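my_file.txt follows (compact mmCIF, C-alpha atoms):
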```
# COMPACT_ATOMS: atom_id res chain seq x y z
CA MET L 1 0.26 33.82 4.01
CA ILE L 2 -0.33 30.26 2.94
CA SER L 3 -0.82 29.77 -0.81
CA ASN L 4 -4.19 28.73 -2.26
CA ASP L 5 -3.06 25.27 -3.46
CA VAL L 6 -1.52 24.47 -0.08
CA ALA L 7 -4.76 25.51 1.63
CA ILE L 8 -6.71 23.11 -0.56
CA LEU L 9 -4.26 20.27 0.13
CA THR L 10 -4.42 20.97 3.87
CA ALA L 11 -8.22 20.78 3.83
CA LEU L 12 -8.02 17.53 1.85
CA LEU L 13 -5.65 16.01 4.39
CA ILE L 14 -7.96 16.96 7.27
CA PHE L 15 -10.91 15.43 5.39
CA ILE L 16 -9.02 12.16 4.87
CA CYS L 17 -8.10 11.96 8.56
CA PHE L 18 -11.68 12.39 9.76
CA ASP L 19 -13.63 10.77 6.92
CA LYS L 20 -14.37 7.58 8.91
CA SER L 21 -16.52 9.55 11.34
CA LEU L 22 -18.79 10.86 8.58
CA SER L 23 -22.14 9.31 7.67
CA PHE L 24 -23.61 9.57 4.15
CA HIS L 25 -27.19 8.87 3.10
CA SER L 26 -27.07 9.46 -0.65
CA ASN L 27 -27.07 6.20 -2.66
CA SER L 28 -24.21 7.30 -4.91
CA LEU L 29 -22.12 8.46 -1.97
CA GLU L 30 -22.98 5.29 -0.06
CA ASN L 31 -21.57 3.19 -2.91
CA GLU L 32 -18.38 5.27 -2.88
CA ARG L 33 -18.14 4.82 0.87
CA HIS L 34 -18.61 1.04 0.51
CA GLN L 35 -15.64 0.91 -1.86
CA SER L 36 -13.55 3.12 0.44
CA VAL L 37 -14.24 1.00 3.51
CA ILE L 38 -13.49 -2.26 1.67
CA LEU L 39 -10.24 -0.93 0.23
CA SER L 40 -9.11 0.34 3.61
CA ALA L 41 -9.76 -3.13 5.05
CA LEU L 42 -7.52 -4.86 2.50
CA THR L 43 -4.11 -5.87 3.74
CA GLN L 44 -1.01 -4.68 1.88
CA ARG L 45 -0.57 -8.22 0.54
CA GLN L 46 -4.14 -8.28 -0.80
CA MET L 47 -3.67 -4.88 -2.41
CA GLN L 48 -0.49 -6.15 -4.03
CA PHE L 49 -2.33 -9.23 -5.33
CA TRP L 50 -5.15 -7.24 -6.94
CA GLU L 51 -2.68 -4.83 -8.52
CA ASP L 52 -0.89 -7.82 -10.06
CA VAL L 53 -4.25 -9.21 -11.21
CA GLU L 54 -5.09 -5.97 -13.00
CA GLU L 55 -1.69 -5.84 -14.68
CA GLY L 56 -2.00 -9.45 -15.85
CA LEU L 57 -5.54 -8.96 -17.15
CA ASN L 58 -4.37 -5.96 -19.16
CA GLU L 59 -1.76 -8.13 -20.87
CA ILE L 60 -4.24 -10.93 -21.59
CA GLU L 61 -6.74 -8.46 -23.04
CA LEU L 62 -4.09 -7.14 -25.42
CA MET L 63 -3.24 -10.68 -26.56
CA TYR L 64 -6.87 -11.47 -27.46
CA LYS L 65 -7.82 -8.04 -28.80
CA CYS L 66 -7.07 -9.12 -32.37
CA LYS L 67 -9.71 -11.87 -31.98
CA GLY L 68 -12.35 -9.34 -30.96
CA MET L 69 -12.65 -10.81 -27.45
CA ASP L 70 -13.04 -8.75 -24.30
CA ILE L 71 -12.77 -9.53 -20.60
CA GLU L 72 -15.33 -7.10 -19.18
CA ARG L 73 -17.07 -9.86 -17.23
CA VAL L 74 -13.77 -10.90 -15.67
CA ARG L 75 -13.00 -7.31 -14.75
CA ARG L 76 -16.36 -7.12 -12.97
CA PHE L 77 -15.52 -10.47 -11.33
CA ALA L 78 -12.31 -8.88 -9.99
CA LYS L 79 -14.24 -5.90 -8.61
CA SER L 80 -16.67 -8.22 -6.85
CA ALA L 81 -14.00 -10.60 -5.55
CA SER L 82 -11.89 -7.73 -4.21
CA GLY L 83 -14.88 -6.08 -2.53
CA LYS L 84 -15.04 -2.98 -4.70
CA VAL L 85 -18.71 -3.70 -5.48
CA PRO L 86 -21.34 -5.54 -3.42
CA PRO L 87 -21.58 -9.35 -3.87
CA PRO L 88 -24.11 -10.86 -6.30
CA ILE L 89 -27.71 -11.51 -5.36
CA ALA L 90 -29.07 -15.00 -6.06
CA SER L 91 -31.69 -15.11 -8.80
CA GLN L 92 -33.36 -18.37 -7.74
CA PRO L 93 -33.92 -20.54 -4.65
CA PHE L 94 -30.91 -22.43 -3.24
CA HIS L 95 -28.49 -20.59 -5.50
CA GLN L 96 -25.71 -19.16 -3.34
CA PRO L 97 -23.05 -17.53 -5.54
CA CYS L 98 -20.16 -15.86 -3.75
CA GLU L 99 -18.09 -12.76 -4.55
CA GLU L 100 -16.09 -14.80 -7.08
CA TYR L 101 -18.80 -14.44 -9.69
CA ILE L 102 -19.17 -14.18 -13.48
CA GLU L 103 -22.44 -12.59 -14.54
CA GLY L 104 -24.73 -13.88 -17.28
CA LEU L 105 -24.00 -17.62 -16.97
CA THR L 106 -26.78 -20.22 -17.07
CA ALA L 107 -27.40 -21.50 -13.55
CA LYS L 108 -29.16 -24.81 -12.87
CA PRO L 109 -28.55 -27.54 -10.26
CA PHE L 110 -27.99 -30.51 -12.60
CA TRP L 111 -26.60 -30.69 -16.15
CA ASN L 112 -26.91 -33.59 -18.59
CA VAL L 113 -23.51 -33.39 -20.24
CA THR L 114 -23.77 -36.45 -22.48
CA GLU L 115 -26.78 -35.03 -24.33
CA ASN L 116 -24.96 -31.94 -25.57
CA LEU L 117 -21.82 -32.86 -27.48
CA ASN L 118 -21.32 -29.28 -28.65
CA LEU L 119 -20.85 -28.00 -25.10
CA PHE L 120 -19.28 -31.14 -23.61
CA PRO L 121 -17.52 -33.06 -26.42
CA TRP L 122 -15.42 -35.08 -23.95
CA ALA L 123 -18.26 -36.45 -21.79
CA SER L 124 -19.38 -39.45 -23.88
CA SER L 125 -15.77 -40.53 -24.46
CA LEU L 126 -15.12 -40.44 -20.72
CA GLU L 127 -18.16 -42.60 -19.98
CA ALA L 128 -17.09 -45.02 -22.73
CA GLN L 129 -13.81 -45.57 -20.86
CA ALA L 130 -15.32 -45.65 -17.39
CA ASP L 131 -14.70 -49.41 -17.02
CA ILE L 132 -10.94 -48.85 -17.42
CA ILE L 133 -10.93 -46.15 -14.74
CA THR L 134 -13.10 -48.22 -12.41
CA SER L 135 -10.97 -51.34 -12.84
CA GLU L 136 -7.73 -49.47 -12.15
CA PHE L 137 -9.13 -47.72 -9.10
CA MET L 138 -10.71 -50.82 -7.55
CA SER L 139 -7.57 -52.88 -8.14
CA LYS L 140 -5.53 -50.27 -6.33
CA LEU L 141 -8.11 -50.15 -3.55
CA HIS L 142 -8.08 -53.92 -3.00
CA ARG L 143 -4.34 -54.54 -3.18
CA ASP L 144 -3.09 -51.52 -1.25
CA GLN L 145 -3.58 -51.82 2.50
CA HIS L 146 -2.45 -48.19 2.85
CA GLU L 147 -5.34 -46.88 0.77
CA LYS L 148 -6.88 -44.97 3.65
CA GLU L 149 -3.56 -43.26 4.35
CA ILE L 150 -3.42 -42.08 0.72
CA PHE L 151 -6.91 -40.62 1.05
CA ALA L 152 -6.21 -39.05 4.43
CA ARG L 153 -3.03 -37.17 3.55
CA ASP L 154 -4.74 -35.37 0.68
CA SER L 155 -7.97 -34.53 2.49
CA VAL L 156 -7.29 -33.08 5.92
CA TRP L 157 -7.87 -29.48 4.84
CA GLN L 158 -11.30 -30.33 3.36
CA ASN L 159 -12.68 -32.43 6.21
CA GLN L 160 -13.88 -29.32 8.06
CA VAL L 161 -16.34 -28.61 5.24
CA MET L 162 -17.00 -32.10 3.88
CA GLY L 163 -17.10 -34.00 7.17
CA ALA L 164 -14.96 -36.84 8.51
CA GLY L 165 -16.59 -39.42 6.25
CA TRP L 166 -15.37 -37.72 3.07
CA SER L 167 -11.81 -38.03 1.77
CA ALA L 168 -10.03 -37.71 -1.56
CA VAL L 169 -6.96 -38.54 -3.62
CA ARG L 170 -6.21 -35.46 -5.72
CA LEU L 171 -4.82 -35.98 -9.22
CA MET L 172 -4.82 -32.33 -10.29
CA ARG L 173 -5.20 -28.91 -8.71
CA LEU L 174 -4.95 -25.49 -10.38
CA GLY L 175 -3.83 -27.05 -13.64
CA VAL L 176 -0.95 -28.96 -12.04
CA TRP L 177 -0.96 -32.76 -12.04
CA ASN L 178 0.08 -34.45 -8.80
CA ALA L 179 2.87 -36.66 -10.13
CA GLU L 180 2.97 -38.96 -7.09
CA ASN L 181 -0.76 -39.70 -7.14
CA CYS L 182 -0.96 -39.94 -10.94
CA LYS L 183 1.68 -42.71 -10.86
CA GLU L 184 -0.82 -44.75 -8.83
CA PHE L 185 -3.46 -44.38 -11.58
CA PRO L 186 -1.55 -44.17 -14.90
CA ARG L 187 -4.38 -45.30 -17.17
CA THR L 188 -6.84 -42.86 -15.63
CA TYR L 189 -4.25 -40.11 -16.00
CA GLU L 190 -3.73 -40.85 -19.70
CA ILE L 191 -7.47 -40.98 -20.39
CA LEU L 192 -8.07 -37.63 -18.72
CA ARG L 193 -5.15 -36.00 -20.53
CA SER L 194 -6.36 -37.27 -23.91
CA LEU L 195 -9.88 -35.84 -23.72
CA ASP L 196 -9.14 -32.10 -23.78
CA ILE L 197 -11.34 -31.44 -20.74
CA PRO L 198 -11.31 -27.73 -19.74
CA PHE L 199 -10.16 -28.41 -16.16
CA ALA L 200 -10.81 -25.61 -13.67
CA VAL L 201 -9.31 -24.55 -10.33
CA ARG L 202 -9.85 -27.57 -8.06
CA GLY L 203 -9.15 -29.99 -10.91
CA VAL L 204 -9.57 -33.78 -10.46
CA CYS L 205 -9.77 -36.22 -7.56
CA PHE L 206 -11.05 -39.62 -6.52
CA ALA L 207 -13.52 -39.04 -3.67
CA ARG L 208 -14.60 -41.52 -1.01
CA GLN L 209 -17.76 -41.24 1.10
CA GLY L 210 -17.61 -43.62 4.03
CA PRO L 211 -20.55 -45.70 5.28
CA ASN L 212 -23.13 -43.94 7.44
CA SER L 213 -21.80 -40.49 6.63
CA GLY L 214 -22.70 -37.48 4.55
CA VAL L 215 -21.76 -33.97 3.55
CA LYS L 216 -23.84 -31.21 5.12
CA PRO L 217 -25.57 -28.61 2.92
CA HIS L 218 -23.13 -26.01 1.64
CA SER L 219 -22.27 -24.00 -1.47
CA ASP L 220 -18.87 -23.72 -3.15
CA GLY L 221 -19.90 -20.26 -4.35
CA ARG L 222 -18.13 -20.00 -7.72
CA ASN L 223 -20.77 -20.01 -10.47
CA PHE L 224 -18.30 -20.37 -13.35
CA ILE L 225 -17.29 -23.96 -12.51
CA LEU L 226 -19.28 -27.14 -13.13
CA THR L 227 -18.48 -30.47 -11.48
CA SER L 228 -18.90 -33.98 -12.89
CA HIS L 229 -18.92 -37.12 -10.74
CA LEU L 230 -18.13 -40.38 -12.55
CA GLY L 231 -19.69 -43.23 -10.57
CA ILE L 232 -17.15 -45.93 -9.63
CA GLN L 233 -18.69 -47.75 -6.66
CA VAL L 234 -22.21 -46.73 -5.69
CA PRO L 235 -24.25 -48.49 -2.96
CA LYS L 236 -27.71 -49.45 -4.17
CA GLU L 237 -29.62 -47.90 -1.30
CA GLY L 238 -29.33 -44.78 0.86
CA CYS L 239 -26.78 -43.08 -1.36
CA TRP L 240 -27.70 -39.75 -2.94
CA ILE L 241 -26.69 -36.20 -3.79
CA LYS L 242 -29.07 -33.28 -3.39
CA VAL L 243 -28.53 -30.03 -5.29
CA GLY L 244 -31.04 -27.26 -4.69
CA ASP L 245 -34.29 -29.08 -4.03
CA GLU L 246 -33.55 -31.95 -6.45
CA LYS L 247 -32.14 -35.29 -5.33
CA GLN L 248 -30.38 -37.84 -7.56
CA THR L 249 -28.21 -40.90 -7.08
CA TRP L 250 -24.96 -41.71 -8.83
CA LYS L 251 -24.78 -44.49 -11.40
CA LYS L 252 -21.76 -46.65 -12.01
CA GLY L 253 -19.94 -45.63 -15.19
CA LYS L 254 -22.12 -42.53 -15.69
CA LEU L 255 -21.56 -38.82 -15.13
CA THR L 256 -23.62 -36.83 -12.64
CA THR L 257 -22.91 -33.16 -13.29
CA ILE L 258 -23.80 -30.34 -10.92
CA ASP L 259 -23.39 -26.62 -10.34
CA THR L 260 -21.86 -26.42 -6.86
CA SER L 261 -22.76 -22.74 -6.46
CA PHE L 262 -26.17 -24.17 -5.52
CA GLU L 263 -26.58 -25.50 -2.01
CA HIS L 264 -25.77 -29.22 -2.13
CA SER L 265 -25.36 -32.16 0.22
CA THR L 266 -24.78 -35.92 0.12
CA SER L 267 -25.62 -39.01 2.11
CA ASN L 268 -24.38 -42.59 2.24
CA SER L 269 -26.47 -44.34 4.88
CA GLY L 270 -25.48 -47.88 3.88
CA ASP L 271 -22.62 -50.16 4.93
CA LEU L 272 -20.50 -49.81 1.78
CA GLU L 273 -18.19 -47.02 0.67
CA ARG L 274 -19.13 -44.76 -2.22
CA HIS L 275 -16.40 -43.83 -4.71
CA VAL L 276 -16.56 -41.32 -7.57
CA LEU L 277 -14.09 -39.53 -9.81
CA ILE L 278 -14.68 -35.77 -9.47
CA ILE L 279 -13.80 -33.41 -12.32
CA ASP L 280 -14.13 -29.63 -12.08
CA PHE L 281 -14.29 -27.78 -15.41
CA TRP L 282 -15.07 -24.31 -16.71
CA HIS L 283 -18.66 -23.37 -17.39
CA PRO L 284 -19.22 -23.85 -21.15
CA GLU L 285 -20.52 -20.29 -21.60
CA LEU L 286 -17.16 -18.78 -20.70
CA SER L 287 -15.21 -17.51 -23.70
CA GLU L 288 -11.66 -18.56 -24.50
CA VAL L 289 -10.23 -15.32 -23.15
CA GLU L 290 -12.36 -15.52 -19.99
CA ARG L 291 -11.03 -19.00 -19.26
CA ALA L 292 -7.47 -17.79 -19.84
CA SER L 293 -8.08 -14.83 -17.53
CA LEU L 294 -9.53 -16.93 -14.72
CA ASP L 295 -6.71 -19.46 -15.13
CA PHE L 296 -4.28 -16.60 -14.64
CA VAL L 297 -6.06 -15.22 -11.55
CA TYR L 298 -6.14 -18.57 -9.72
CA ASP L 299 -2.63 -19.54 -10.78
CA LEU L 300 -1.45 -16.19 -9.41
CA ARG L 301 -3.35 -16.77 -6.18
CA ASN L 302 -1.70 -20.17 -5.84
CA LYS L 303 1.71 -18.53 -6.28
CA TYR L 304 0.84 -15.99 -3.59
CA GLU L 305 -0.37 -18.68 -1.19
CA SER L 306 2.80 -20.74 -1.72
CA GLY L 307 5.07 -17.73 -1.18
CA GLN L 308 6.42 -17.60 -4.74
CA ILE L 309 5.64 -13.88 -5.14
CA PRO L 310 7.93 -11.54 -3.15
CA VAL L 311 6.32 -9.03 -0.81
CA ARG L 312 6.39 -5.41 -1.93
CA THR L 313 4.64 -2.18 -1.00
CA PRO L 314 1.52 -1.79 -3.17
CA ARG L 315 2.01 0.76 -5.95
CA SER L 316 -1.06 2.70 -4.77
CA GLN L 317 0.56 3.21 -1.37
CA GLN L 318 3.84 4.21 -2.98
CA GLU L 319 1.95 6.91 -4.90
CA GLN L 320 0.18 8.07 -1.72
CA LYS L 321 3.53 8.37 0.07
CA GLY L 322 4.88 10.39 -2.83
CA ASN L 323 1.87 12.70 -2.80
CA LEU L 324 2.00 13.18 0.98
CA GLY L 325 5.72 13.89 0.74
CA SER L 326 5.02 16.59 -1.82
CA LEU L 327 2.27 17.98 0.43
CA TRP L 328 4.59 18.03 3.43
CA ASN L 329 7.23 19.90 1.44
CA LYS L 330 4.68 22.52 0.46
CA LEU L 331 3.40 22.90 4.03
CA THR L 332 6.87 23.21 5.57
CA GLY L 333 8.62 24.97 2.75
CA GLY L 334 10.90 21.99 2.11
CA SER L 335 12.44 21.41 -1.28
```
So that I can check it, write out the structure of this file as structure tokens.
Amino acid sequence: MISNDVAILTALLIFICFDKSLSFHSNSLENERHQSVILSALTQRQMQFWEDVEEGLNEIELMYKCKGMDIERVRRFAKSASGKVPPPIASQPFHQPCEEYIEGLTAKPFWNVTENLNLFPWASSLEAQADIITSEFMSKLHRDQHEKEIFARDSVWQNQVMGAGWSAVRLMRLGVWNAENCKEFPRTYEILRSLDIPFAVRGVCFARQGPNSGVKPHSDGRNFILTSHLGIQVPKEGCWIKVGDEKQTWKKGKLTTIDTSFEHSTSNSGDLERHVLIIDFWHPELSEVERASLDFVYDLRNKYESGQIPVRTPRSQQEQKGNLGSLWNKLTGGS
């Protein structure tokens, strides 16, 4: 006669095998089912990534515990980004946040960064040195006949979203300076390094918008990043950026700062090129530990994408195999 615990385990195994055919109508059970379906859809590599994220966040939380800081919002970000909970719902028109979401942050299409030195202490200093950046960039543009090649090699992957008229020279991505490109703009590089700007994820690039072109409406999704455009060369007519339902134009030597989790688009309908310096930085309402945590998550993702992290079987699957092995031994009388 089969023992009681083996009978329970057998029933559990049968339930697991046929669970996908069941339909639940209770709200609480529906939420559990949502999580189950999402987790089953994750690849082994994705499961490994999120396990490493959780381990890293635990270590960061311990480091900052003595400062009384917590990372609960980042933990909820991880649940949303990994599909364990439903994605956020926009709270206002044109706002289109994605699963990579931090709750409770102020959301508005445009920010005036030079009027709030407490939140953006670097902004006025950057505008004060805009002439140096503009001069260096335009000199490079005029003397280097291979300028378009420099833009093209750094922009192919973004042209699908931004359109063929948009291209960029990237100076920084994911906290790493592009040494080759920074050598082309040494004074700009030194200015940016000196200002203690809280660079985020995409980092810094010079962006070109060709004549008679534009970027179609889209959202970058992440609500915890703001983006400043420093005007370098701006045509006088037919050149604008629209965020939400508000349209502005760039100004030479001035910062135009936007939240790209709102739907946004651009146009340059004139005959001249538009050039800006784009800087992505952390939303000012993120805490020190939240910035450190997000830095870690995206640095880790970069390491995964570049193949720096070896492949392994996710720990959760290792545990499942161990449990099933124990179950099999009980069912068959194995040791």
(Q) Report, in Å with one decimal, the straight-line distance from atom CA of L:Ser306 to atom CA of L:Val201. (A)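 Here the two named atoms are 15.3 Å from each other.
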Q) Between atom CA of L:Ser287 and atom CA of L:Glu263, what is the distance, to one decimal in Å? A)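 Going from atom CA of L:Ser287 over to atom CA of L:Glu263 covers 25.8 Å.
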How big is the axis-aligned box around the listed atoms of stretch 112-118 of chain L once 6 Å is added on each side, and where is its centre? Give both in Å to one decimal, as AutoDock Vina command-line options.
```
--center_x -24.1 --center_y -32.9 --center_z -23.6 --size_x 17.6 --size_y 19.2 --size_z 22.1
```
(Q) Using all atoms listed in the file for the distances, tell me which of L:Glu184, L:Glu246, L:Glu290, L:Glu285 is nearest to L:Glu136. (A)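 Nearest to L:Glu136: L:Glu184.
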Q. Between atom CA of L:Pro109 and atom CA of L:Val176, what is the distance, to one decimal in Å?
A. 27.7 Å
(Q) For L:His229, find every residue with an atom within 7 Å (counting only C-alpha atoms), except residues of its own chain fewer than 3 positions away, and show them as a PyMOL selection string. (A) chain L and resi 255-257+276-279
Q. Which one is closest to L:Ala200: L:Gly104, L:Gly214, L:Pro88, L:Gly175? Count all atoms listed in the file.
A. L:Gly175
Q. L:Phe77, L:Trp177, L:Trp250, L:Phe262: which is nearest L:Leu294, counting all atoms listed in the file?
A. L:Phe77
(Q) I'd like the contact shell of stretch 233-240 of chain L - 6 Å cut-off, all atoms listed in the file, skipping same-chain residues fewer than 2 positions apart - returned as a list of chain:residue names. (A)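 Counting only the stated atoms, we get L:Gln248, L:Thr249, L:Thr266, L:Ser267, L:Asn268, L:Ser269, L:Gly270, L:Arg274, L:His275.
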Q) Which residue out of L:Arg291, L:Arg75, L:His264, L:His283 has the minimum interatomic distance to L:Asp245 when all atoms listed in the file are used? A)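 Of L:Arg291, L:Arg75, L:His264, L:His283, the one nearest L:Asp245 is L:His264, counting all atoms listed in the file.
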L:Lys254 surroundings by only C-alpha atoms, 7 Å radius, close-in-sequence under 5 positions cut, as a PDB file with C-alpha atoms, in the coordinates of the input:
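Written out: result.pdb:
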```pdb
ATOM      1  CA  GLU L 127     -18.160 -42.600 -19.980  1.00  0.00           C
ATOM      2  CA  LEU L 230     -18.130 -40.380 -12.550  1.00  0.00           C
ATOM      3  CA  GLY L 231     -19.690 -43.230 -10.570  1.00  0.00           C
TER       4      GLY L 231
END
```
Q) Near L:Pro87, within 7 Å and counting all atoms listed in the file, which residues show up once chain neighbours fewer than 5 positions away are dropped, as a list in words? A) Ser80, Cys98 and Glu99 of chain L
Reconstruct stretch 176-195 of chain L at the level of N, CA and C atoms, and format the result as a compact mmCIF listing (two decimals), keeping the file's coordinate frame.
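Below is the file selection_21.txt, written as the result:
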```txt
# COMPACT_ATOMS: atom_id res chain seq x y z
N VAL L 176 -2.19 -28.23 -12.28
CA VAL L 176 -0.95 -28.96 -12.04
C VAL L 176 -1.27 -30.39 -11.62
N TRP L 177 -0.75 -31.35 -12.37
CA TRP L 177 -0.96 -32.76 -12.04
C TRP L 177 -0.09 -33.14 -10.84
N ASN L 178 -0.66 -33.92 -9.94
CA ASN L 178 0.08 -34.45 -8.80
C ASN L 178 0.81 -35.71 -9.26
N ALA L 179 2.11 -35.58 -9.52
CA ALA L 179 2.87 -36.66 -10.13
C ALA L 179 2.83 -37.93 -9.29
N GLU L 180 2.95 -37.78 -7.97
CA GLU L 180 2.97 -38.96 -7.09
C GLU L 180 1.66 -39.72 -7.17
N ASN L 181 0.54 -39.02 -7.10
CA ASN L 181 -0.76 -39.70 -7.14
C ASN L 181 -1.08 -40.23 -8.54
N CYS L 182 -0.68 -39.49 -9.58
CA CYS L 182 -0.96 -39.94 -10.94
C CYS L 182 -0.22 -41.23 -11.28
N LYS L 183 0.94 -41.45 -10.65
CA LYS L 183 1.68 -42.71 -10.86
C LYS L 183 0.88 -43.90 -10.35
N GLU L 184 0.02 -43.67 -9.37
CA GLU L 184 -0.82 -44.75 -8.83
C GLU L 184 -1.96 -45.11 -9.78
N PHE L 185 -2.33 -44.17 -10.66
CA PHE L 185 -3.46 -44.38 -11.58
C PHE L 185 -3.06 -43.95 -12.99
N PRO L 186 -2.09 -44.63 -13.61
CA PRO L 186 -1.55 -44.17 -14.90
C PRO L 186 -2.55 -44.21 -16.05
N ARG L 187 -3.42 -45.21 -16.06
CA ARG L 187 -4.38 -45.30 -17.17
C ARG L 187 -5.45 -44.22 -17.06
N THR L 188 -5.88 -43.95 -15.85
CA THR L 188 -6.84 -42.86 -15.63
C THR L 188 -6.22 -41.53 -16.05
N TYR L 189 -4.98 -41.34 -15.66
CA TYR L 189 -4.25 -40.11 -16.00
C TYR L 189 -4.17 -39.91 -17.51
N GLU L 190 -3.85 -40.96 -18.24
CA GLU L 190 -3.73 -40.85 -19.70
C GLU L 190 -5.08 -40.58 -20.35
N ILE L 191 -6.13 -41.22 -19.85
CA ILE L 191 -7.47 -40.98 -20.39
C ILE L 191 -7.87 -39.51 -20.21
N LEU L 192 -7.69 -39.02 -19.01
CA LEU L 192 -8.07 -37.63 -18.72
C LEU L 192 -7.27 -36.64 -19.56
N ARG L 193 -5.99 -36.90 -19.73
CA ARG L 193 -5.15 -36.00 -20.53
C ARG L 193 -5.56 -36.00 -22.00
N SER L 194 -6.07 -37.13 -22.48
CA SER L 194 -6.36 -37.27 -23.91
C SER L 194 -7.67 -36.62 -24.33
N LEU L 195 -8.52 -36.25 -23.38
CA LEU L 195 -9.88 -35.84 -23.72
C LEU L 195 -10.08 -34.33 -23.86
```
